[in-house]
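**Student:** The file below is my_file39.cif, mmCIF, C-alpha atoms:
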```cif
data_input
loop_
_atom_site.label_atom_id
_atom_site.label_comp_id
_atom_site.auth_asym_id
_atom_site.auth_seq_id
_atom_site.Cartn_x
_atom_site.Cartn_y
_atom_site.Cartn_z
CA GLY A 1 -101.69 70.70 -30.51
CA SER A 2 -100.32 67.21 -30.22
CA VAL A 3 -102.74 64.29 -29.81
CA TRP A 4 -100.26 62.34 -27.71
CA SER A 5 -100.86 61.90 -23.99
CA GLY A 6 -97.34 63.04 -23.24
CA GLY A 7 -97.58 66.03 -25.55
CA SER A 8 -95.16 66.70 -28.38
CA ALA A 9 -92.26 65.61 -26.18
CA ILE A 10 -93.38 61.96 -26.16
CA THR A 11 -90.54 59.52 -26.77
CA ALA A 12 -89.88 58.89 -30.45
CA SER A 13 -90.97 55.44 -31.60
CA GLU A 14 -90.36 53.36 -34.71
CA THR A 15 -93.61 51.40 -34.39
CA LEU A 16 -97.17 52.69 -34.43
CA LEU A 17 -100.02 50.32 -33.46
CA VAL A 18 -103.46 51.69 -34.36
CA PHE A 19 -106.69 50.09 -33.15
CA ASP A 20 -110.21 50.90 -34.27
CA LEU A 21 -112.74 50.97 -31.41
CA ASP A 22 -116.20 49.67 -32.36
CA GLY A 23 -116.14 46.11 -33.67
CA THR A 24 -112.39 45.84 -33.14
CA LEU A 25 -111.28 46.50 -29.56
CA LEU A 26 -114.80 46.49 -28.15
CA ASN A 27 -118.22 45.44 -29.37
CA THR A 28 -120.57 48.27 -28.53
CA PRO A 29 -124.36 47.94 -28.89
CA SER A 30 -126.09 48.78 -32.15
CA ARG A 31 -129.11 51.04 -32.07
CA ALA A 32 -131.42 48.03 -32.37
CA ALA A 33 -129.95 46.43 -29.25
CA GLY A 34 -128.83 49.55 -27.40
CA VAL A 35 -132.00 51.64 -27.33
CA PRO A 36 -134.16 48.94 -25.66
CA ALA A 37 -131.38 48.26 -23.15
CA TRP A 38 -131.06 51.98 -22.41
CA GLU A 39 -134.82 52.37 -21.98
CA ALA A 40 -134.93 49.37 -19.64
CA ALA A 41 -132.08 50.74 -17.55
CA TYR A 42 -133.34 54.32 -17.32
CA LYS A 43 -137.09 53.55 -17.26
CA ARG A 44 -137.98 56.06 -19.97
CA ARG A 45 -138.14 56.38 -23.73
CA TYR A 46 -134.92 57.12 -25.56
CA PRO A 47 -135.27 60.80 -26.52
CA HIS A 48 -132.94 61.14 -29.54
CA ALA A 49 -133.20 60.32 -33.24
CA SER A 50 -129.52 59.37 -33.51
CA TRP A 51 -127.55 56.74 -31.60
CA ILE A 52 -123.91 56.26 -32.60
CA ASP A 53 -123.06 59.95 -32.17
CA ARG A 54 -124.67 60.14 -28.72
CA PRO A 55 -122.97 59.41 -25.36
CA GLU A 56 -125.93 57.17 -24.48
CA SER A 57 -124.55 54.62 -26.96
CA LEU A 58 -121.62 54.09 -24.58
CA ALA A 59 -123.45 54.60 -21.30
CA LEU A 60 -124.26 50.98 -20.40
CA SER A 61 -121.06 49.15 -19.49
CA SER A 62 -122.95 45.86 -19.26
CA SER A 63 -123.85 46.15 -22.97
CA ILE A 64 -120.22 46.45 -24.08
CA ALA A 65 -118.42 43.18 -24.84
CA PRO A 66 -114.83 42.30 -25.75
CA GLY A 67 -114.04 42.93 -29.40
CA PRO A 68 -112.26 40.41 -31.62
CA VAL A 69 -108.73 41.69 -30.98
CA LEU A 70 -109.07 42.91 -27.39
CA PRO A 71 -106.72 40.12 -26.18
CA LEU A 72 -103.93 41.76 -28.19
CA TRP A 73 -104.20 45.00 -26.25
CA GLY A 74 -102.35 43.77 -23.18
CA LEU A 75 -99.52 42.58 -25.40
CA CYS A 76 -99.24 45.69 -27.55
CA ALA A 77 -99.97 48.52 -25.12
CA GLY A 78 -96.94 49.68 -23.20
CA ARG A 79 -94.62 47.68 -25.45
CA GLY A 80 -91.20 49.25 -25.59
CA GLY A 81 -90.46 51.06 -28.81
CA ALA A 82 -94.14 51.20 -29.85
CA ARG A 83 -96.93 53.73 -29.57
CA THR A 84 -100.54 52.57 -29.27
CA VAL A 85 -103.42 54.61 -30.67
CA VAL A 86 -107.18 54.17 -30.61
CA MET A 87 -108.57 55.78 -33.76
CA SER A 88 -112.35 55.91 -34.01
CA GLY A 89 -114.89 57.49 -36.32
CA ARG A 90 -116.79 58.47 -33.18
CA LEU A 91 -117.13 62.22 -32.86
CA GLU A 92 -114.75 64.36 -30.82
CA SER A 93 -117.75 65.48 -28.74
CA LEU A 94 -117.84 61.92 -27.32
CA ARG A 95 -114.25 61.99 -26.04
CA GLU A 96 -115.22 61.85 -22.37
CA ALA A 97 -117.53 58.88 -22.97
CA VAL A 98 -114.99 57.07 -25.17
CA GLU A 99 -112.13 57.52 -22.71
CA LYS A 100 -114.34 56.32 -19.84
CA VAL A 101 -115.20 53.16 -21.78
CA LEU A 102 -111.52 52.53 -22.52
CA GLU A 103 -110.63 52.98 -18.86
CA GLU A 104 -113.32 50.49 -17.86
CA HIS A 105 -112.72 47.81 -20.48
CA LEU A 106 -109.09 47.78 -21.61
CA PRO A 107 -107.19 45.02 -19.79
CA GLY A 108 -104.28 45.69 -17.50
CA ASP A 109 -105.21 49.31 -16.81
CA VAL A 110 -102.98 50.29 -19.74
CA LEU A 111 -104.41 53.19 -21.74
CA PRO A 112 -103.45 54.23 -25.28
CA ASP A 113 -100.83 56.85 -25.94
CA ALA A 114 -103.44 58.71 -27.98
CA VAL A 115 -107.17 58.62 -28.69
CA VAL A 116 -108.01 60.13 -32.07
CA LEU A 117 -111.66 60.98 -32.79
CA LYS A 118 -113.39 62.53 -35.79
CA PRO A 119 -114.03 66.30 -35.65
CA ALA A 120 -117.72 67.17 -35.44
CA ARG A 121 -117.78 69.35 -38.56
CA CYS A 122 -115.54 67.15 -40.71
CA ALA A 123 -116.76 66.99 -44.32
CA LEU A 124 -114.93 63.70 -44.99
CA ASN A 125 -116.52 60.31 -44.56
CA THR A 126 -115.00 58.03 -41.94
CA ALA A 127 -112.71 56.16 -44.35
CA GLU A 128 -111.38 59.39 -45.86
CA TRP A 129 -110.89 60.92 -42.43
CA LYS A 130 -108.97 57.87 -41.17
CA VAL A 131 -106.54 58.18 -44.08
CA GLU A 132 -105.87 61.83 -43.20
CA ALA A 133 -105.69 61.10 -39.47
CA LEU A 134 -103.14 58.33 -40.02
CA ARG A 135 -101.04 60.65 -42.19
CA ALA A 136 -101.09 63.22 -39.37
CA LEU A 137 -100.07 60.65 -36.75
CA ILE A 138 -97.10 59.53 -38.82
CA LYS A 139 -96.08 63.13 -39.48
CA GLU A 140 -96.03 63.78 -35.71
CA GLN A 141 -93.80 60.73 -35.21
CA PRO A 142 -91.10 61.04 -37.91
CA ALA A 143 -89.14 58.13 -36.45
CA VAL A 144 -91.94 55.68 -37.31
CA ARG A 145 -90.94 52.95 -39.74
CA ALA A 146 -93.74 50.40 -39.19
CA VAL A 147 -97.47 51.00 -38.83
CA THR A 148 -100.04 48.30 -38.05
CA VAL A 149 -103.76 49.06 -38.20
CA TRP A 150 -106.50 46.79 -36.85
CA GLU A 151 -109.86 47.65 -38.42
CA ASP A 152 -113.17 45.80 -38.91
CA ASP A 153 -114.77 47.92 -41.64
CA PRO A 154 -113.82 46.77 -45.18
CA ARG A 155 -114.45 50.26 -46.55
CA ASN A 156 -111.91 51.76 -44.17
CA LEU A 157 -109.38 48.99 -44.88
CA ALA A 158 -109.76 49.51 -48.62
CA LEU A 159 -109.10 53.23 -48.52
CA LEU A 160 -106.27 52.94 -46.00
CA ALA A 161 -104.61 50.55 -48.45
CA SER A 162 -104.23 53.48 -50.85
CA LEU A 163 -101.50 54.79 -48.51
CA HIS A 164 -99.12 51.90 -49.31
CA PRO A 165 -97.17 53.59 -52.15
CA GLU A 166 -96.95 56.93 -50.36
CA LEU A 167 -95.71 55.44 -47.11
CA ARG A 168 -93.35 53.00 -48.80
CA ALA A 169 -91.68 55.98 -50.46
CA GLN A 170 -91.15 57.43 -46.98
CA GLY A 171 -89.61 54.19 -45.72
CA VAL A 172 -92.69 53.28 -43.68
CA ARG A 173 -94.25 49.82 -43.86
CA LEU A 174 -98.03 49.73 -43.47
CA ARG A 175 -99.80 46.55 -42.34
CA LEU A 176 -103.60 46.43 -42.46
CA ILE A 177 -105.32 43.73 -40.43
CA ASP A 178 -108.95 42.69 -40.71
CA ALA A 179 -109.99 42.60 -37.04
CA VAL A 180 -112.79 40.10 -37.63
CA ALA A 181 -110.53 37.62 -39.41
CA HIS A 182 -107.77 38.09 -36.86
CA GLY A 183 -110.22 37.58 -34.00
CA LEU A 184 -111.33 34.30 -35.55
CA HIS A 185 -107.68 33.32 -35.93
CA LEU A 186 -107.10 33.87 -32.19
CA ALA A 187 -110.32 32.05 -31.25
CA THR A 188 -109.44 29.09 -33.46
CA ASN A 189 -105.94 28.82 -31.99
CA PHE A 190 -107.38 28.99 -28.47
CA ALA A 191 -109.90 26.26 -29.29
CA ALA A 192 -107.18 24.02 -30.75
CA ARG A 193 -105.07 24.37 -27.61
CA THR A 194 -107.93 23.76 -25.20
CA GLY A 195 -109.92 21.16 -27.14
CA THR A 196 -113.01 23.38 -27.20
CA ARG A 197 -115.13 24.56 -30.09
CA PRO A 198 -114.05 27.89 -31.56
CA GLY A 199 -116.37 30.76 -30.74
CA PRO A 200 -117.56 33.42 -33.14
CA PRO A 201 -114.97 35.96 -34.29
CA THR A 202 -116.43 38.80 -32.28
CA GLY A 203 -117.37 39.10 -28.63
CA SER A 204 -121.02 38.77 -27.66
CA ALA A 205 -123.01 39.03 -24.44
CA VAL A 206 -122.63 35.31 -23.76
CA GLN A 207 -118.86 35.44 -24.35
CA VAL A 208 -117.86 38.16 -21.91
CA ALA A 209 -116.80 35.78 -19.12
CA THR A 210 -115.12 33.21 -21.35
CA ALA A 211 -113.24 35.91 -23.24
CA ARG A 212 -111.49 36.90 -20.03
CA THR A 213 -110.36 33.33 -19.33
CA ALA A 214 -109.22 32.94 -22.93
CA THR A 215 -107.02 36.02 -22.86
CA ALA A 216 -103.89 34.35 -21.47
CA LEU A 217 -103.69 31.69 -24.18
CA SER A 218 -104.71 34.15 -26.90
CA LEU A 219 -101.86 36.41 -25.82
CA ALA A 220 -99.46 33.50 -25.94
CA ASP A 221 -100.50 32.84 -29.53
CA ALA A 222 -100.26 36.49 -30.43
CA ALA A 223 -96.89 36.90 -28.73
CA GLN A 224 -95.33 34.50 -31.22
CA THR A 225 -96.13 36.95 -34.00
CA VAL A 226 -96.37 40.44 -32.54
CA THR A 227 -93.20 40.42 -30.46
CA ALA A 228 -91.31 38.95 -33.41
CA GLY A 229 -92.57 41.74 -35.63
CA ALA A 230 -94.56 39.31 -37.77
CA VAL A 231 -98.16 40.20 -37.09
CA PRO A 232 -100.40 37.90 -39.17
CA GLU A 233 -101.89 40.17 -41.83
CA THR A 234 -105.41 38.86 -42.07
CA VAL A 235 -107.28 40.99 -44.56
CA SER A 236 -109.99 38.60 -45.69
CA ALA A 237 -109.88 37.54 -49.32
CA SER A 238 -113.61 36.87 -49.07
CA ARG A 239 -114.21 40.60 -48.73
CA ALA A 240 -112.54 41.25 -52.08
CA LEU A 241 -110.60 44.26 -50.85
CA PRO A 242 -108.40 46.18 -53.32
CA VAL A 243 -105.36 45.90 -51.10
CA ASP A 244 -101.64 45.89 -51.58
CA ALA A 245 -99.87 42.52 -51.43
CA GLU A 246 -98.30 43.55 -48.13
CA SER A 247 -101.76 43.48 -46.54
CA VAL A 248 -102.59 39.92 -47.57
CA GLY A 249 -101.27 36.85 -45.83
CA ALA A 250 -102.18 34.03 -43.46
CA ARG A 251 -104.28 32.30 -46.10
CA GLU A 252 -105.74 29.81 -43.67
CA THR A 253 -107.02 32.71 -41.58
CA ALA A 254 -108.63 34.35 -44.60
CA ALA A 255 -110.36 31.08 -45.42
CA GLN A 256 -111.67 30.86 -41.85
CA ALA A 257 -112.91 34.43 -42.13
CA ALA A 258 -115.26 33.43 -44.93
CA ALA A 259 -117.35 31.72 -42.25
CA ALA A 260 -117.46 34.84 -40.08
CA PRO A 261 -120.96 36.04 -41.09
CA SER A 262 -122.61 32.75 -40.10
CA ALA A 263 -120.59 32.61 -36.89
CA ALA A 264 -121.62 36.13 -36.00
CA ALA A 265 -125.26 35.26 -36.66
CA GLN A 266 -124.90 32.25 -34.37
CA ALA A 267 -123.42 34.47 -31.65
CA GLN A 268 -126.34 36.89 -31.95
CA ALA A 269 -128.83 34.03 -31.63
CA GLN A 270 -126.99 32.73 -28.56
CA ALA A 271 -127.02 36.17 -26.99
CA GLN A 272 -130.76 36.52 -27.60
CA ALA A 273 -131.43 33.08 -26.13
CA ALA A 274 -129.36 33.93 -23.05
CA ALA A 275 -131.23 37.20 -22.57
CA THR A 276 -134.60 35.41 -22.88
CA ALA A 277 -133.56 32.77 -20.35
CA ALA A 278 -132.44 35.44 -17.91
CA GLN A 279 -135.85 37.13 -17.93
#
```
Please rewrite the model in this file as structure tokens.

**Tutor:**
Amino acid sequence: GSVWSGGSAITASETLLVFDLDGTLLNTPSRAAGVPAWEAAYKRRYPHASWIDRPESLALSSSIAPGPVLPLWGLCAGRGGARTVVMSGRLESLREAVEKVLEEHLPGDVLPDAVVLKPARCALNTAEWKVEALRALIKEQPAVRAVTVWEDDPRNLALLASLHPELRAQGVRLRLIDAVAHGLHLATNFAARTGTRPGPPTGSAVQVATARTATALSLADAAQTVTAGAVPETVSASRALPVDAESVGARETAAQAAAAPSAAAQAQAQAQAAATAAQ
């Protein structure tokens, strides 16, 4: 059956906006951070060997922070002539937990037109599956002529880039955006406009409140590109991705992205310090 919320009769659209979940729209806890938080909340030992494929990994709303491109959601979702999709390597068995997290954390109470999750018995790795899933989405929407994908995993970006020739032959333009680099781009623009220091490219526990206040200005920055159909394509050159020329641009943003690992480490240290002070 159709993956679209409105079924196969959903209005045809020429633009498809695809967002990854973890590390892109939202920053969900890793096993190292999530298991102790879960055990503290539920007062018992975590009973499973795995984490990312368990609903417990999404159970604590307080442990979920804004991802690097969450401010773009309010601008993109519900945009006329576009369809928004959340595509995650999380398993289909976690659909209820994933949809609950989206309902709780996406701004403006605007949900995606479709949530696409990986089948439990899929033999493909996540990057391979995302390529096939994107093909299927485009096939279901034959009117699509432009596809933009926000993704934080370089492996997924690299394999998705292999679709460029195929989609170009179909008259479809594919834009791949490194979510970490783009998040830093938004944070840097916000800092320049407010006279503050730019934060790390991804949300952290200590950034949850400030991320909400930053959203308005971040959206204003993003509106200049997204609504004009000129999304800054920020695949980071520092990641040495084998990407098509169409996926590389905004050179100043790519240069800023080279500092992302140290910024992320600083954010983690800040979060740990804040947690220690709160005890």

**Student:** Applied to this file, what does the PyMOL selection byres ((chain A and resi 38) around 12) return in terms of residues, put as a list in words?

**Tutor:**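 Taken on the displayed file, the PyMOL selection byres ((chain A and resi 38) around 12) yields the residues Pro29, Ser30, Arg31, Ala32, Ala33, Gly34, Val35, Pro36, Ala37, Glu39, Ala40, Ala41, Tyr42, Lys43, Arg44, Arg45, Tyr46, Pro47, His48, Trp51, Pro55, Glu56, Ser57, Leu58, Ala59, Leu60, Ser61, Ser62 and Ser63 of chain A.
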
**Student:** Going by the chain IDs and residue numbers used in this file, which residues fall under the PyMOL selection byres ((chain A and resi 164) around 9)? Write them as a list in words.

**Tutor:**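 Evaluating the PyMOL selection byres ((chain A and resi 164) around 9) on this file yields Leu160, Ala161, Ser162, Leu163, Pro165, Glu166, Leu167, Arg168, Ala169, Val172, Arg173, Leu174, Arg175, Val243, Asp244 and Glu246 of chain A.
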
**Student:** Could you tell me how far atom CA of A:Leu106 lies from atom CA of A:Gly67, in Å and to one decimal?

**Tutor:**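 That distance, rounded to one decimal, is 10.4 Å.
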
**Student:** Using all atoms listed in the file, which of A:Ser13, A:Asn156, A:Ser50, A:Thr24 sits nearest A:Glu140?

**Tutor:**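 For A:Glu140, the nearest of the given residues is A:Ser13.
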
**Student:** Between A:Ala123, A:Ile52, A:Leu26, A:Leu184, single out the one closest to A:Leu70, counting all atoms listed in the file.

**Tutor:**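 Of all the options, A:Leu26 lies closest to A:Leu70.
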
**Student:** With distances taken over all atoms listed in the file, which of A:Thr84, A:Thr28, A:Glu132, A:Leu72 is nearest to A:Val147?

**Tutor:** A:Thr84

**Student:** Fewer than 6 positions away in the same chain doesn't count, so skip those; otherwise give me all residues within 7 Å of A:Trp150, counting only C-alpha atoms, as an NGL selection string.

**Tutor:** :A and (18-20 or 176-179)

**Student:** For this structure, which residues satisfy the selection - the PyMOL selection byres ((chain A and resi 144) around 7) - when it is evaluated on the file as given? I want them as an MDAnalysis selection string.

**Tutor:** chainID A and resid 13:16 138 141:143 145:146 172

**Student:** Could you work out how far atom CA of A:Leu186 lies from atom CA of A:Pro112, giving the answer in Å with one decimal?

**Tutor:**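 According to the coordinates, atom CA of A:Pro112 and atom CA of A:Leu186 are separated by 21.8 Å.
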
**Student:** What does the distance between atom CA of A:Gly23 and atom CA of A:Ile64 come to in Å, to one decimal place?

**Tutor:**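 So the answer is 10.4 Å.
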
**Student:** Would you please work out which residue, of A:Ala49, A:Asp109, A:Glu103, A:Lys130, is nearest to A:Glu151 when using all atoms listed in the file?

**Tutor:**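 Between A:Ala49, A:Asp109, A:Glu103, A:Lys130, the residue approaching A:Glu151 most closely is A:Lys130.
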
**Student:** Return the single residue from A:Val86, A:Ala97, A:Ala191, A:Leu134 that is closest to A:Trp73, with distances computed using all atoms listed in the file.

**Tutor:** A:Val86

**Student:** Output as JSON the centre and edge lengths (Å, one decimal) of the box along x, y and z of the file that holds every listed atom of stretch 68-73 of chain A after adding 3 Å on each side.

**Tutor:**
```
{"center_x": -108.1, "center_y": 42.6, "center_z": -28.9, "size_x": 14.3, "size_y": 10.9, "size_z": 11.4}
```

**Student:** Which residues come within 10 Å of A:Ala120, counting only C-alpha atoms, excluding same-chain residues fewer than 2 positions away, as number ranges by chain?

**Tutor:** A: 53, 90-94, 117-118, 122-123
